[in-house]
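Undergrad: Sharing model.txt (compact mmCIF, C-alpha atoms) below.
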```txt
# COMPACT_ATOMS: atom_id res chain seq x y z
CA MET A 15 0.00 0.00 0.00
CA ARG A 16 2.95 2.34 0.55
CA LYS A 17 3.89 1.91 -3.09
CA TYR A 18 0.37 2.68 -4.28
CA GLY A 19 0.20 5.71 -2.00
CA ALA A 20 3.49 6.95 -3.39
CA GLU A 21 2.18 6.58 -6.95
CA PHE A 22 -1.02 8.43 -6.01
CA PHE A 23 0.78 11.43 -4.54
CA GLY A 24 3.53 11.38 -7.15
CA THR A 25 1.01 11.51 -10.00
CA PHE A 26 -0.95 14.13 -8.08
CA TRP A 27 2.17 16.31 -8.04
CA LEU A 28 2.88 15.73 -11.73
CA VAL A 29 -0.60 16.86 -12.80
CA LEU A 30 -0.83 19.72 -10.30
CA GLY A 31 2.64 21.01 -11.19
CA GLY A 32 2.58 20.45 -14.92
CA CYS A 33 -1.04 21.18 -15.80
CA GLY A 34 -1.19 23.81 -13.06
CA SER A 35 1.61 25.76 -14.71
CA ALA A 36 -0.35 25.68 -17.97
CA VAL A 37 -3.73 26.62 -16.49
CA LEU A 38 -2.65 29.15 -13.87
CA ALA A 39 0.59 30.67 -15.15
CA ALA A 40 0.92 30.24 -18.90
CA ALA A 41 -2.53 31.77 -19.41
CA PHE A 42 -1.09 35.15 -18.41
CA PRO A 43 1.46 36.57 -20.88
CA GLU A 44 2.89 38.91 -18.25
CA VAL A 45 4.05 35.89 -16.24
CA GLY A 46 6.15 34.89 -19.20
CA ILE A 47 6.62 31.14 -18.65
CA GLY A 48 5.19 30.12 -22.03
CA LEU A 49 5.93 26.79 -23.66
CA LEU A 50 9.39 26.59 -22.11
CA GLY A 51 8.05 27.14 -18.61
CA VAL A 52 5.30 24.54 -18.90
CA SER A 53 7.76 22.03 -20.37
CA LEU A 54 10.17 22.64 -17.52
CA ALA A 55 7.38 22.34 -14.95
CA PHE A 56 6.49 18.84 -16.15
CA GLY A 57 10.15 17.83 -16.11
CA LEU A 58 10.63 19.22 -12.61
CA THR A 59 7.66 17.32 -11.21
CA VAL A 60 9.16 14.02 -12.36
CA LEU A 61 12.68 14.95 -11.26
CA THR A 62 11.59 15.98 -7.76
CA MET A 63 9.30 13.00 -7.27
CA ALA A 64 11.93 10.57 -8.56
CA PHE A 65 14.16 11.66 -5.68
CA ALA A 66 11.22 11.71 -3.24
CA ILE A 67 9.51 8.39 -3.98
CA GLY A 68 11.74 6.53 -6.44
CA HIS A 69 12.98 4.32 -3.61
CA ILE A 70 9.41 3.54 -2.56
CA SER A 71 7.49 2.80 -5.76
CA GLY A 72 9.94 3.37 -8.60
CA CYS A 73 8.16 6.66 -9.39
CA HIS A 74 6.24 5.59 -12.50
CA LEU A 75 3.50 8.28 -12.26
CA ASN A 76 2.21 7.07 -15.61
CA PRO A 77 0.25 3.97 -16.74
CA ALA A 78 2.24 3.86 -19.98
CA VAL A 79 5.52 3.80 -18.05
CA SER A 80 4.22 0.99 -15.84
CA VAL A 81 3.22 -1.02 -18.92
CA GLY A 82 6.57 -0.31 -20.60
CA LEU A 83 8.53 -1.38 -17.54
CA CYS A 84 6.45 -4.55 -17.41
CA VAL A 85 7.18 -5.29 -21.08
CA GLY A 86 10.84 -4.55 -20.39
CA GLY A 87 10.95 -7.07 -17.57
CA ARG A 88 11.45 -4.48 -14.85
CA PHE A 89 8.01 -4.59 -13.24
CA PRO A 90 5.67 -7.47 -12.28
CA ALA A 91 2.44 -7.74 -14.27
CA LYS A 92 0.44 -8.50 -11.11
CA GLU A 93 1.04 -4.95 -9.86
CA LEU A 94 0.00 -3.20 -13.08
CA GLY A 95 -3.67 -2.85 -12.12
CA PRO A 96 -3.16 -1.30 -8.66
CA TYR A 97 -0.45 1.03 -9.96
CA ILE A 98 -2.63 2.30 -12.80
CA VAL A 99 -5.61 2.81 -10.47
CA ALA A 100 -3.44 4.77 -8.02
CA GLN A 101 -2.00 6.91 -10.82
CA VAL A 102 -5.38 7.74 -12.34
CA LEU A 103 -6.91 8.57 -8.97
CA GLY A 104 -3.96 10.81 -8.13
CA ALA A 105 -4.30 12.60 -11.45
CA ILE A 106 -8.05 13.16 -10.98
CA ALA A 107 -7.49 14.43 -7.43
CA ALA A 108 -4.94 16.92 -8.76
CA GLY A 109 -7.34 17.95 -11.50
CA GLY A 110 -9.96 18.61 -8.82
CA VAL A 111 -7.62 20.75 -6.74
CA LEU A 112 -6.55 22.66 -9.84
CA PHE A 113 -10.20 23.16 -10.83
CA VAL A 114 -11.02 24.61 -7.41
CA ILE A 115 -8.05 27.00 -7.57
CA ALA A 116 -8.71 28.09 -11.15
CA SER A 117 -12.42 28.61 -10.40
CA GLY A 118 -11.39 31.32 -7.95
CA GLN A 119 -10.90 33.60 -10.93
CA GLU A 120 -14.06 35.29 -12.13
CA GLY A 121 -15.25 33.99 -15.47
CA PHE A 122 -13.10 30.84 -15.49
CA SER A 123 -14.50 27.90 -17.43
CA ALA A 124 -12.73 24.56 -17.70
CA ALA A 125 -14.81 23.68 -20.75
CA ALA A 126 -14.03 26.93 -22.58
CA SER A 127 -10.34 27.14 -21.62
CA GLY A 128 -9.56 23.50 -22.42
CA PHE A 129 -8.10 23.06 -18.92
CA ALA A 130 -4.70 21.89 -20.26
CA SER A 131 -6.38 18.89 -21.91
CA ASN A 132 -4.81 16.91 -24.72
CA GLY A 133 -6.38 16.98 -28.15
CA PHE A 134 -6.01 16.67 -31.90
CA GLY A 135 -7.58 18.32 -34.93
CA GLU A 136 -9.34 21.52 -33.93
CA HIS A 137 -8.32 20.88 -30.32
CA SER A 138 -4.61 20.56 -31.09
CA PRO A 139 -2.74 23.77 -30.11
CA GLY A 140 -1.24 23.85 -33.61
CA GLY A 141 -4.18 22.28 -35.45
CA TYR A 142 -2.42 18.95 -36.06
CA SER A 143 -4.39 15.99 -37.43
CA MET A 144 -5.26 12.75 -35.63
CA PRO A 145 -2.58 10.72 -37.52
CA ALA A 146 0.03 13.31 -36.59
CA ALA A 147 -1.09 13.11 -32.96
CA VAL A 148 -0.88 9.31 -32.95
CA VAL A 149 2.63 9.28 -34.43
CA CYS A 150 3.78 12.01 -32.04
CA GLU A 151 2.46 10.30 -28.92
CA VAL A 152 3.74 6.85 -29.91
CA VAL A 153 7.24 8.07 -30.80
CA MET A 154 7.61 10.42 -27.83
CA THR A 155 6.50 7.77 -25.35
CA ALA A 156 8.78 5.18 -26.94
CA MET A 157 11.76 7.51 -26.58
CA PHE A 158 10.73 8.27 -23.00
CA LEU A 159 10.81 4.56 -22.15
CA ILE A 160 14.20 4.10 -23.80
CA VAL A 161 15.60 6.90 -21.65
CA ILE A 162 13.94 5.54 -18.49
CA LEU A 163 15.19 2.01 -19.04
CA GLY A 164 18.66 3.19 -19.98
CA ALA A 165 19.03 5.67 -17.13
CA THR A 166 17.90 3.09 -14.56
CA ASP A 167 19.99 0.26 -15.99
CA ALA A 168 22.39 -1.22 -13.44
CA ARG A 169 25.23 -0.33 -15.81
CA ALA A 170 24.29 3.36 -15.99
CA PRO A 171 25.96 6.00 -13.77
CA ALA A 172 24.33 5.73 -10.35
CA GLY A 173 22.21 8.53 -8.96
CA PHE A 174 21.62 10.49 -12.19
CA ALA A 175 18.49 8.76 -13.48
CA PRO A 176 16.01 11.36 -12.11
CA ILE A 177 17.88 14.16 -13.88
CA ALA A 178 17.97 12.33 -17.22
CA ILE A 179 14.31 11.33 -16.99
CA GLY A 180 13.13 14.79 -15.91
CA LEU A 181 15.07 16.51 -18.70
CA CYS A 182 13.76 13.96 -21.22
CA LEU A 183 10.17 14.80 -20.26
CA THR A 184 10.99 18.49 -20.58
CA LEU A 185 12.35 17.92 -24.09
CA ILE A 186 9.32 15.84 -25.04
CA HIS A 187 7.05 18.73 -24.05
CA LEU A 188 9.14 21.24 -25.96
CA ILE A 189 8.64 19.13 -29.08
CA SER A 190 5.03 18.03 -28.75
CA ILE A 191 3.03 20.69 -26.89
CA PRO A 192 2.11 22.30 -30.25
CA VAL A 193 0.88 18.93 -31.56
CA THR A 194 -1.22 17.42 -28.75
CA ASN A 195 -0.49 19.58 -25.71
CA THR A 196 1.70 16.58 -24.80
CA SER A 197 0.28 13.57 -23.05
CA VAL A 198 2.68 10.56 -23.11
CA ASN A 199 0.75 9.79 -19.93
CA PRO A 200 -2.85 8.48 -19.87
CA ALA A 201 -3.32 9.44 -16.22
CA ARG A 202 -2.27 13.04 -16.86
CA SER A 203 -4.73 13.20 -19.77
CA THR A 204 -7.57 11.71 -17.72
CA GLY A 205 -6.99 13.94 -14.70
CA VAL A 206 -7.90 17.12 -16.57
CA ALA A 207 -10.24 15.66 -19.22
CA VAL A 208 -12.86 14.73 -16.62
CA PHE A 209 -13.10 18.41 -15.62
CA GLN A 210 -13.04 19.78 -19.16
CA GLY A 211 -15.93 17.42 -19.67
CA GLY A 212 -16.55 17.75 -23.39
CA TRP A 213 -14.26 17.18 -26.35
CA ALA A 214 -11.37 16.15 -24.07
CA LEU A 215 -13.30 13.09 -22.92
CA GLY A 216 -14.27 12.32 -26.50
CA GLN A 217 -10.63 12.31 -27.61
CA LEU A 218 -9.23 10.67 -24.47
CA TRP A 219 -9.06 7.22 -26.11
CA LEU A 220 -6.10 8.31 -28.25
CA PHE A 221 -4.15 9.43 -25.19
CA TRP A 222 -4.54 6.01 -23.61
CA ILE A 223 -3.83 3.86 -26.64
CA ALA A 224 -0.96 5.76 -28.28
CA PRO A 225 1.22 6.22 -25.15
CA ILE A 226 0.77 2.59 -24.09
CA VAL A 227 1.67 1.34 -27.57
CA GLY A 228 4.65 3.68 -27.65
CA ALA A 229 5.82 2.54 -24.23
CA ALA A 230 5.69 -1.11 -25.27
CA ILE A 231 7.66 -0.31 -28.43
CA GLY A 232 10.26 1.61 -26.44
CA ALA A 233 10.67 -1.27 -24.01
CA LEU A 234 11.15 -3.77 -26.82
CA VAL A 235 13.68 -1.49 -28.54
CA TYR A 236 15.67 -1.18 -25.33
CA LYS A 237 15.66 -4.97 -24.93
CA VAL A 238 17.34 -5.20 -28.32
CA ILE A 239 19.89 -2.40 -27.95
CA GLY A 240 20.50 -2.66 -24.22
CA GLY A 241 20.63 -6.39 -23.66
CA ALA A 242 23.00 -7.28 -20.84
CA LYS A 243 26.50 -8.18 -21.96
CA GLU A 244 28.02 -11.55 -21.16
```
Do you think you could lay out the structure here as structure tokens?
TA:
Amino acid sequence: MRKYGAEFFGTFWLVLGGCGSAVLAAAFPEVGIGLLGVSLAFGLTVLTMAFAIGHISGCHLNPAVSVGLCVGGRFPAKELGPYIVAQVLGAIAAGGVLFVIASGQEGFSAAASGFASNGFGEHSPGGYSMPAAVVCEVVMTAMFLIVILGATDARAPAGFAPIAIGLCLTLIHLISIPVTNTSVNPARSTGVAVFQGGWALGQLWLFWIAPIVGAAIGALVYKVIGGAKE
């Protein structure tokens, strides 16, 4: 239960920190955080939580990461269900807290603002199509898993994995925010979509399927290129 609690609060922090920076700070040009600030916020949530709870639960914070680690032989399949439930509940709890805070501003509407939800087509920040969104999410999540598996490999330099993983997530956001608002994490997508309540829920299927497929691909790629030496 300690592991599941750690995943709950870790995912809570990821959604509150990352999506919170987009909803509360990036919406105001005078704050000046923009795309770079939001990207860094997501990376920092993972970096800080990796140091805080990595030794407790492994700090997955993401159903796709849990699936990828399972495919890569680093995580037992029997724990997938509880981990994913804890992650999704943590994300929804964070979405609720963020909704309460954002609603303190007169005229705020989660439905109208998008509430940092992921989308494609007319709901893509840059107007990118569904095929472009699928390719982006699959490739970005696959690369994320390769970095995670490589940085946490027993042969990698010890103690630096959180930095590599956090910076990788930052880079992923810098690339893909214009395409899908960056998911690579089904829990993160769900946590805000339930409060946006409209198109975000209708498009949520893509942000479950594509990241999980990408994570599995990334894990298989790392098995090939990172197989233990004799």
Undergrad: With distances taken over only C-alpha atoms, which of A:Ala41, A:Cys33, A:Cys73, A:Val149 is nearest to Tyr97 (chain A)?
TA: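 Closest residue, counting only C-alpha atoms: A:Cys73.
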Undergrad: So, with only C-alpha atoms as the atoms that count, which of A:Leu188, A:Val29, A:Leu83, A:Ala172 lies closest to Leu103 (chain A)?
TA: A:Val29
Undergrad: Taking only residues of region 148-218 of chain A that have an atom at most 6 Å from an atom of region 118-137 of chain A, what is each one's shortest atom pair and its distance in Å to one decimal, using only C-alpha atoms, in chain and number order, as a tab-separated table?
TA:
```
residue	atom	partner	partner_atom	distance
A:Thr194	CA	A:Gly133	CA	5.2
A:Asn195	CA	A:Asn132	CA	5.2
A:Val206	CA	A:Ser131	CA	5.8
A:Ala207	CA	A:Ser131	CA	5.7
A:Gln210	CA	A:Ala125	CA	4.6
```
Undergrad: Leaving out Ala229 (chain A) and any residue of its chain fewer than 5 positions from it, which residues lie within 12 Å of it when counting all atoms listed in the file, given as a PyMOL selection string?
TA: chain A and resi 76-86+151-163+198-200+222-224+234-236
Undergrad: Within 10 Å of (19.1, 13.0, -11.1), in the coordinates the file gives, what residues turn up when you count only C-alpha atoms, written out as JSON, numbers by chain?
TA: {"A": [61, 62, 64, 65, 165, 172, 173, 174, 175, 176, 177, 178, 179, 180, 181]}
Undergrad: So, counting only C-alpha atoms, which residue among A:Gly46, A:Ser53, A:Lys92, A:Ala100 is closest to Gly19 (chain A)?
TA: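 Closest to Gly19 (chain A) of all the choices is A:Ala100.
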Undergrad: State, in Å with one decimal place, the distance from CA of Ala55 (chain A) to CA of Val208 (chain A).
TA: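 Those two atoms sit 21.7 Å apart.
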Undergrad: I need the residue nearest Ala214 (chain A) from this list: A:Thr184, A:Ser197, A:Ser35, A:Ser143. Use all atoms listed in the file for the distance.
TA: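 Residue with the minimum atom-to-atom distance to Ala214 (chain A): A:Ser197.
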Undergrad: Let me make sure I understand: among A:Tyr18, A:Phe221, A:Phe56, A:Phe89, which one has the smallest atom-to-atom distance to Gly32 (chain A) if we use only C-alpha atoms?
TA: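 Looking only at the distances to Gly32 (chain A), the closest residue turns out to be A:Phe56.
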Undergrad: Interatomic distance between CA of Ala116 (chain A) and CA of Pro192 (chain A)?
TA: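 Spanning CA of Ala116 (chain A) to CA of Pro192 (chain A) is a straight-line distance of 22.7 Å.
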Undergrad: Could you state the separation of CA of His74 (chain A) and CA of Phe23 (chain A) in Å, given to one decimal place?
TA: 11.3 Å
Undergrad: Which one is closest to Arg88 (chain A): A:Met15, A:Ile191, A:Val227, A:Ala233? Count all atoms listed in the file.
TA: A:Ala233
